[in-house]
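Chemist: Take a look at this one; I'll ask things after.
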Amino acid sequence: MKDVPTDIIRREWPLLASLATAILLTAFGSNLLADLTSIPWFAFMLSWLFAVILLSAFAVVRHAERLAAILGEPLGTLILTLAVTGIEVLMISAIMFTGANNVTLARDAMFAVVMIVLNGMVGLSLLLGGLRYHEQTYNLQGANSFLAVIIPLAVLGLVLPDFTQTTPGPTLSPNQSAFLVFMSVGLYGVFLAIQNVRHREYFTETAPSASFDGARDGYPSEEAGSRSTWYHTLLLLAYLLPLITLSKRIAVPIDYAIHQLHAPAALGGFLIAVLILSPESLAATRAALANQLQRAVNILLGSVLATISLTIPSVLTIGYLTGQTIVLGLDGATGTLLVLTLGVSMLTFASERTNVLLGAVHVLLFFAYLMLIFEK
């Protein structure tokens, strides 16, 4: 039975809220955000924008999950990770195009995604899954395929710029930037061909396991087949469009708060990562608790890979077009933590079985990242 228009409006009310907010801020944003010295007004504007963006992100993930249920694995989690990564790239690009003088925003956001996902969410998923099932299994070839691309791109993009000599500071020359863009896009293209064409079996369950109440491939069964692919695709894009405007506006109260509180600049990248990763993290945790670790691995490692592969080319291209200097290289402490995280991830995904110990190690590394944001 098809839903009547009123039922669709009831389900998609976050889209109305997002569009109304985007229109209002386009018309009156300069006045609304001009003076944030009043604490109540500042708290209201930040909470309003944060809530609307978060609602839109959850809606994007909801429609991406419906598409995933229709299309199946591994295409399903690819759509989910690309949708979330699209939000991040939109936010960073929108802020850069406004001329905000935050040359480390892209680096901080990418590093935050790597730390939150590879340590926080991987750790939490393995910890909760291990506590419930003792051990969980996944397809080892798929995880290794993700890491085989994540590791070189993470090191080339976030560590190597500290050691190049053609430019001062942790930056890249135009030729080096062009090569890194080519590497990122090329490797991700090859990976997508492996994931969706040549070796799809690497990214699917090696053996049947429990799933969400009657769901196919671990996706929520509610409404999974009740609407068309076009319906969910169009609504997914409709939710993404207002985020361009909202992303520009939320940067204003975030930058103001960091400046007033004398907080570290890396906190801005962390907040952006938390905002966009919340719904995807929930999906991965639910999958691990339902003993669908393969899906959790696809979501989490796929999110890191898509973030690095797509954000680096985007910000380097924008930096070239706008004449902005893009700082990608991490400092000594955070660079060490990144290398440690990548090394531990290789050990974690060296066996087809996971347990609570592996989860606990990643969670503790995530706390180390939180400490380094405020004190190095």
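By order in the structure tokens, chains are A, B, ...; within a chain, residues start at 1; ligands start at 1, following the order shown.
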Env of stretch 42-52 of chain A: 6 Å cut, atoms = only C-alpha atoms, seq-sep filter 3 positions within chain, self excluded. Answer as a ChimeraX atom specification.

Modeler: /A:18,36,39,55,253

Chemist: Nearest to A:Ser278: which of A:Leu340, A:Leu330, A:Ala59, A:Met183 is it, counting only C-alpha atoms?

Modeler: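 Using only C-alpha atoms, the shortest distance to A:Ser278 belongs to A:Ala59.
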
Chemist: Please list as a PyMOL selection string every residue within 7 Å of stretch 365-371 of chain A, counting only C-alpha atoms and excluding residues in the same chain fewer than 5 positions away.

Modeler: chain A and resi 115-116+119-120

Chemist: Could those residues be written to a file, using N, CA and C atoms, as a JSON list (two decimals), in the first residue's frame?

Modeler:
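The resulting part_0.json:
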[["chain", "number", "residue", "atom", "x", "y", "z"],
["A", 115, "MET", "N", 40.83, 8.66, 13.28],
["A", 115, "MET", "CA", 40.91, 8.30, 14.69],
["A", 115, "MET", "C", 39.56, 7.85, 15.25],
["A", 116, "ILE", "N", 38.50, 8.56, 14.89],
["A", 116, "ILE", "CA", 37.17, 8.20, 15.40],
["A", 116, "ILE", "C", 36.75, 6.83, 14.88],
["A", 119, "ASN", "N", 39.82, 3.85, 15.50],
["A", 119, "ASN", "CA", 40.03, 3.58, 16.93],
["A", 119, "ASN", "C", 38.71, 3.56, 17.70],
["A", 120, "GLY", "N", 37.96, 4.67, 17.65],
["A", 120, "GLY", "CA", 36.74, 4.74, 18.44],
["A", 120, "GLY", "C", 35.68, 3.75, 18.02]]

Chemist: What's the 12 Å shell around stretch 313-325 of chain A, counting only C-alpha atoms, without same-chain residues fewer than 4 positions away, as a PyMOL selection string?

Modeler: chain A and resi 85-86+88-107+109-110+153+157+167-186+188+306-309

Chemist: From the set A:Leu131, A:Val117, A:Gln141, A:Val60, which residue has the shortest atom-to-atom contact distance to A:Leu234, counting only C-alpha atoms?

Modeler: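 Counting only C-alpha atoms, the residue closest to A:Leu234 is A:Val60.
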
Chemist: Atom CA of A:Ala238 and atom CA of A:Phe28, how far apart in Å?

Modeler: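 Distance between the two atoms: 21.9 Å.
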
Chemist: Env of A:Leu237: 10 Å cut, atoms = only C-alpha atoms, seq-sep filter 5 positions within chain, self excluded. Answer as a list in words.

Modeler: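 Listed by chain and then number, they are Val60, His63, Ala83, His232 and Pro242 of chain A.
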
Chemist: Write out as a list in words each polymer residue whose atoms come within 8 Å of A:Ile79, counting only C-alpha atoms; drop sequence neighbours fewer than 6 positions from it.

Modeler: Ala64, Leu67 and Ala68 of chain A

Chemist: Would you mind exporting N, CA and C atoms of the selected residues as a PDB file, in the first residue's frame?

Modeler:
ATOM      1  N   ALA A  64      20.170   5.987   2.408  1.00  0.00           N
ATOM      2  CA  ALA A  64      21.275   5.178   1.887  1.00  0.00           C
ATOM      3  C   ALA A  64      21.111   3.721   2.313  1.00  0.00           C
ATOM      4  N   LEU A  67      18.489   2.107   0.106  1.00  0.00           N
ATOM      5  CA  LEU A  67      19.091   1.750  -1.173  1.00  0.00           C
ATOM      6  C   LEU A  67      19.986   0.526  -1.032  1.00  0.00           C
ATOM      7  N   ALA A  68      20.704   0.464   0.084  1.00  0.00           N
ATOM      8  CA  ALA A  68      21.580  -0.677   0.322  1.00  0.00           C
ATOM      9  C   ALA A  68      20.786  -1.969   0.447  1.00  0.00           C
TER      10      ALA A  68
END

Chemist: Excluding A:Leu282 and its own-chain neighbours fewer than 2 positions away, which residues fall within 12 Å of it when counting only C-alpha atoms? Please give them as a list in words.

Modeler: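 Near A:Leu282, the qualifying residues are Ala57, Phe58, Val61, Arg62, Val117, Met121, Val122, Leu124, Ser125, Val274, Ile276, Leu277, Ser278, Pro279, Glu280, Ala284, Thr285, Arg286, Ala287, Ala288, Leu289, Ala296, Ile299 and Leu300 of chain A.
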
Chemist: Give me every alpha helix (DSSP H) residue in stretch 243-355 of chain A, going by DSSP on the backbone, as a PyMOL selection string.

Modeler: chain A and resi 243-260+266-289+293-322+332-348

Chemist: Grab the residues selected above and save them as an mmCIF file, in the first residue's frame with C-alpha atoms.

Modeler:
data_model
loop_
_atom_site.group_PDB
_atom_site.id
_atom_site.type_symbol
_atom_site.label_atom_id
_atom_site.label_comp_id
_atom_site.auth_asym_id
_atom_site.auth_seq_id
_atom_site.Cartn_x
_atom_site.Cartn_y
_atom_site.Cartn_z
ATOM 1 C CA LEU A 243 23.901 21.057 3.688
ATOM 2 C CA ILE A 244 26.004 23.244 1.387
ATOM 3 C CA THR A 245 24.453 26.374 2.898
ATOM 4 C CA LEU A 246 24.255 24.970 6.423
ATOM 5 C CA SER A 247 27.929 23.941 6.320
ATOM 6 C CA LYS A 248 29.027 27.508 5.604
ATOM 7 C CA ARG A 249 26.941 28.852 8.464
ATOM 8 C CA ILE A 250 27.870 26.392 11.204
ATOM 9 C CA ALA A 251 31.537 27.243 10.691
ATOM 10 C CA VAL A 252 30.857 30.723 12.117
ATOM 11 C CA PRO A 253 29.749 29.714 15.666
ATOM 12 C CA ILE A 254 32.311 26.870 15.771
ATOM 13 C CA ASP A 255 35.193 29.214 14.889
ATOM 14 C CA TYR A 256 33.847 31.801 17.340
ATOM 15 C CA ALA A 257 33.699 29.251 20.166
ATOM 16 C CA ILE A 258 37.221 27.980 19.477
ATOM 17 C CA HIS A 259 38.547 31.551 19.394
ATOM 18 C CA GLN A 260 36.752 32.657 22.559
ATOM 19 C CA ALA A 266 41.980 20.641 15.800
ATOM 20 C CA LEU A 267 38.759 20.740 17.814
ATOM 21 C CA GLY A 268 36.955 22.150 14.761
ATOM 22 C CA GLY A 269 37.896 19.145 12.640
ATOM 23 C CA PHE A 270 36.868 16.823 15.448
ATOM 24 C CA LEU A 271 33.421 18.428 15.761
ATOM 25 C CA ILE A 272 32.831 18.193 12.006
ATOM 26 C CA ALA A 273 33.834 14.514 12.047
ATOM 27 C CA VAL A 274 31.551 13.752 15.000
ATOM 28 C CA LEU A 275 28.669 15.509 13.295
ATOM 29 C CA ILE A 276 28.889 13.558 10.054
ATOM 30 C CA LEU A 277 29.937 10.193 11.490
ATOM 31 C CA SER A 278 27.234 9.872 14.160
ATOM 32 C CA PRO A 279 24.583 8.118 12.024
ATOM 33 C CA GLU A 280 27.101 5.889 10.250
ATOM 34 C CA SER A 281 28.681 4.925 13.563
ATOM 35 C CA LEU A 282 25.278 3.929 14.891
ATOM 36 C CA ALA A 283 24.701 1.718 11.827
ATOM 37 C CA ALA A 284 28.070 -0.017 12.304
ATOM 38 C CA THR A 285 27.477 -0.587 16.024
ATOM 39 C CA ARG A 286 24.036 -2.065 15.355
ATOM 40 C CA ALA A 287 25.572 -4.403 12.780
ATOM 41 C CA ALA A 288 28.244 -5.613 15.217
ATOM 42 C CA LEU A 289 25.650 -6.211 17.952
ATOM 43 C CA LEU A 293 30.671 -7.876 11.662
ATOM 44 C CA GLN A 294 31.308 -8.017 7.919
ATOM 45 C CA ARG A 295 28.869 -5.186 7.352
ATOM 46 C CA ALA A 296 30.415 -3.192 10.210
ATOM 47 C CA VAL A 297 33.872 -3.669 8.689
ATOM 48 C CA ASN A 298 32.606 -2.587 5.259
ATOM 49 C CA ILE A 299 31.019 0.544 6.730
ATOM 50 C CA LEU A 300 33.911 1.581 8.969
ATOM 51 C CA LEU A 301 36.917 0.837 6.762
ATOM 52 C CA GLY A 302 34.978 2.024 3.728
ATOM 53 C CA SER A 303 34.296 5.330 5.468
ATOM 54 C CA VAL A 304 37.982 5.927 6.195
ATOM 55 C CA LEU A 305 39.010 4.989 2.664
ATOM 56 C CA ALA A 306 36.373 7.174 1.006
ATOM 57 C CA THR A 307 37.225 10.113 3.283
ATOM 58 C CA ILE A 308 40.933 10.049 2.474
ATOM 59 C CA SER A 309 40.505 9.222 -1.214
ATOM 60 C CA LEU A 310 37.912 11.923 -1.898
ATOM 61 C CA THR A 311 38.775 14.683 0.575
ATOM 62 C CA ILE A 312 42.436 14.992 -0.427
ATOM 63 C CA PRO A 313 41.723 15.576 -4.153
ATOM 64 C CA SER A 314 38.845 17.925 -3.311
ATOM 65 C CA VAL A 315 40.749 20.198 -0.936
ATOM 66 C CA LEU A 316 43.929 20.258 -3.040
ATOM 67 C CA THR A 317 41.891 21.208 -6.103
ATOM 68 C CA ILE A 318 40.001 23.910 -4.193
ATOM 69 C CA GLY A 319 43.261 25.191 -2.751
ATOM 70 C CA TYR A 320 44.740 25.457 -6.255
ATOM 71 C CA LEU A 321 41.666 27.229 -7.657
ATOM 72 C CA THR A 322 41.368 29.690 -4.763
ATOM 73 C CA GLY A 332 55.180 14.711 15.398
ATOM 74 C CA ALA A 333 52.771 13.586 18.118
ATOM 75 C CA THR A 334 49.693 13.142 15.942
ATOM 76 C CA GLY A 335 51.742 11.641 13.112
ATOM 77 C CA THR A 336 53.096 9.042 15.529
ATOM 78 C CA LEU A 337 49.567 8.227 16.691
ATOM 79 C CA LEU A 338 48.427 7.816 13.068
ATOM 80 C CA VAL A 339 51.271 5.391 12.283
ATOM 81 C CA LEU A 340 50.551 3.496 15.513
ATOM 82 C CA THR A 341 46.856 3.272 14.640
ATOM 83 C CA LEU A 342 47.601 1.931 11.163
ATOM 84 C CA GLY A 343 50.022 -0.633 12.608
ATOM 85 C CA VAL A 344 47.544 -1.827 15.236
ATOM 86 C CA SER A 345 44.819 -2.019 12.581
ATOM 87 C CA MET A 346 47.025 -4.341 10.542
ATOM 88 C CA LEU A 347 47.383 -6.610 13.587
ATOM 89 C CA THR A 348 43.659 -6.433 14.369
#

Chemist: Enter the distance from atom CA of A:Leu241 to atom CA of A:Phe146, in Å, rounded to one decimal.

Modeler: 29.1 Å

Chemist: Taking into account only C-alpha atoms, which residue in the set A:Gly359, A:Pro152, A:Pro161, A:Gly72 is nearest to A:Gln136?

Modeler: A:Gly359

Chemist: Do you have the atom CA of A:Asp35-atom CA of A:Ala263 distance handy?

Modeler: 19.8 Å

Chemist: Quick one: of A:Tyr239, A:Tyr202, A:Leu372, A:Thr6, who's nearest to A:Ala20, counting only C-alpha atoms?

Modeler: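 Result for the nearest residue to A:Ala20: A:Tyr239.
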
Chemist: Considering only C-alpha atoms, can you say which of A:Val363, A:Val149, A:Phe349, A:Ala143 comes closest to A:Leu187?

Modeler: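 So, comparing all the options, the nearest one is A:Val149.
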
Chemist: Measuring atom to atom with only C-alpha atoms, identify which of A:Asp7, A:Gln292, A:Val159, A:Leu358 is nearest to A:Phe111.

Modeler: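 Smallest distance to A:Phe111 is found for A:Val159.
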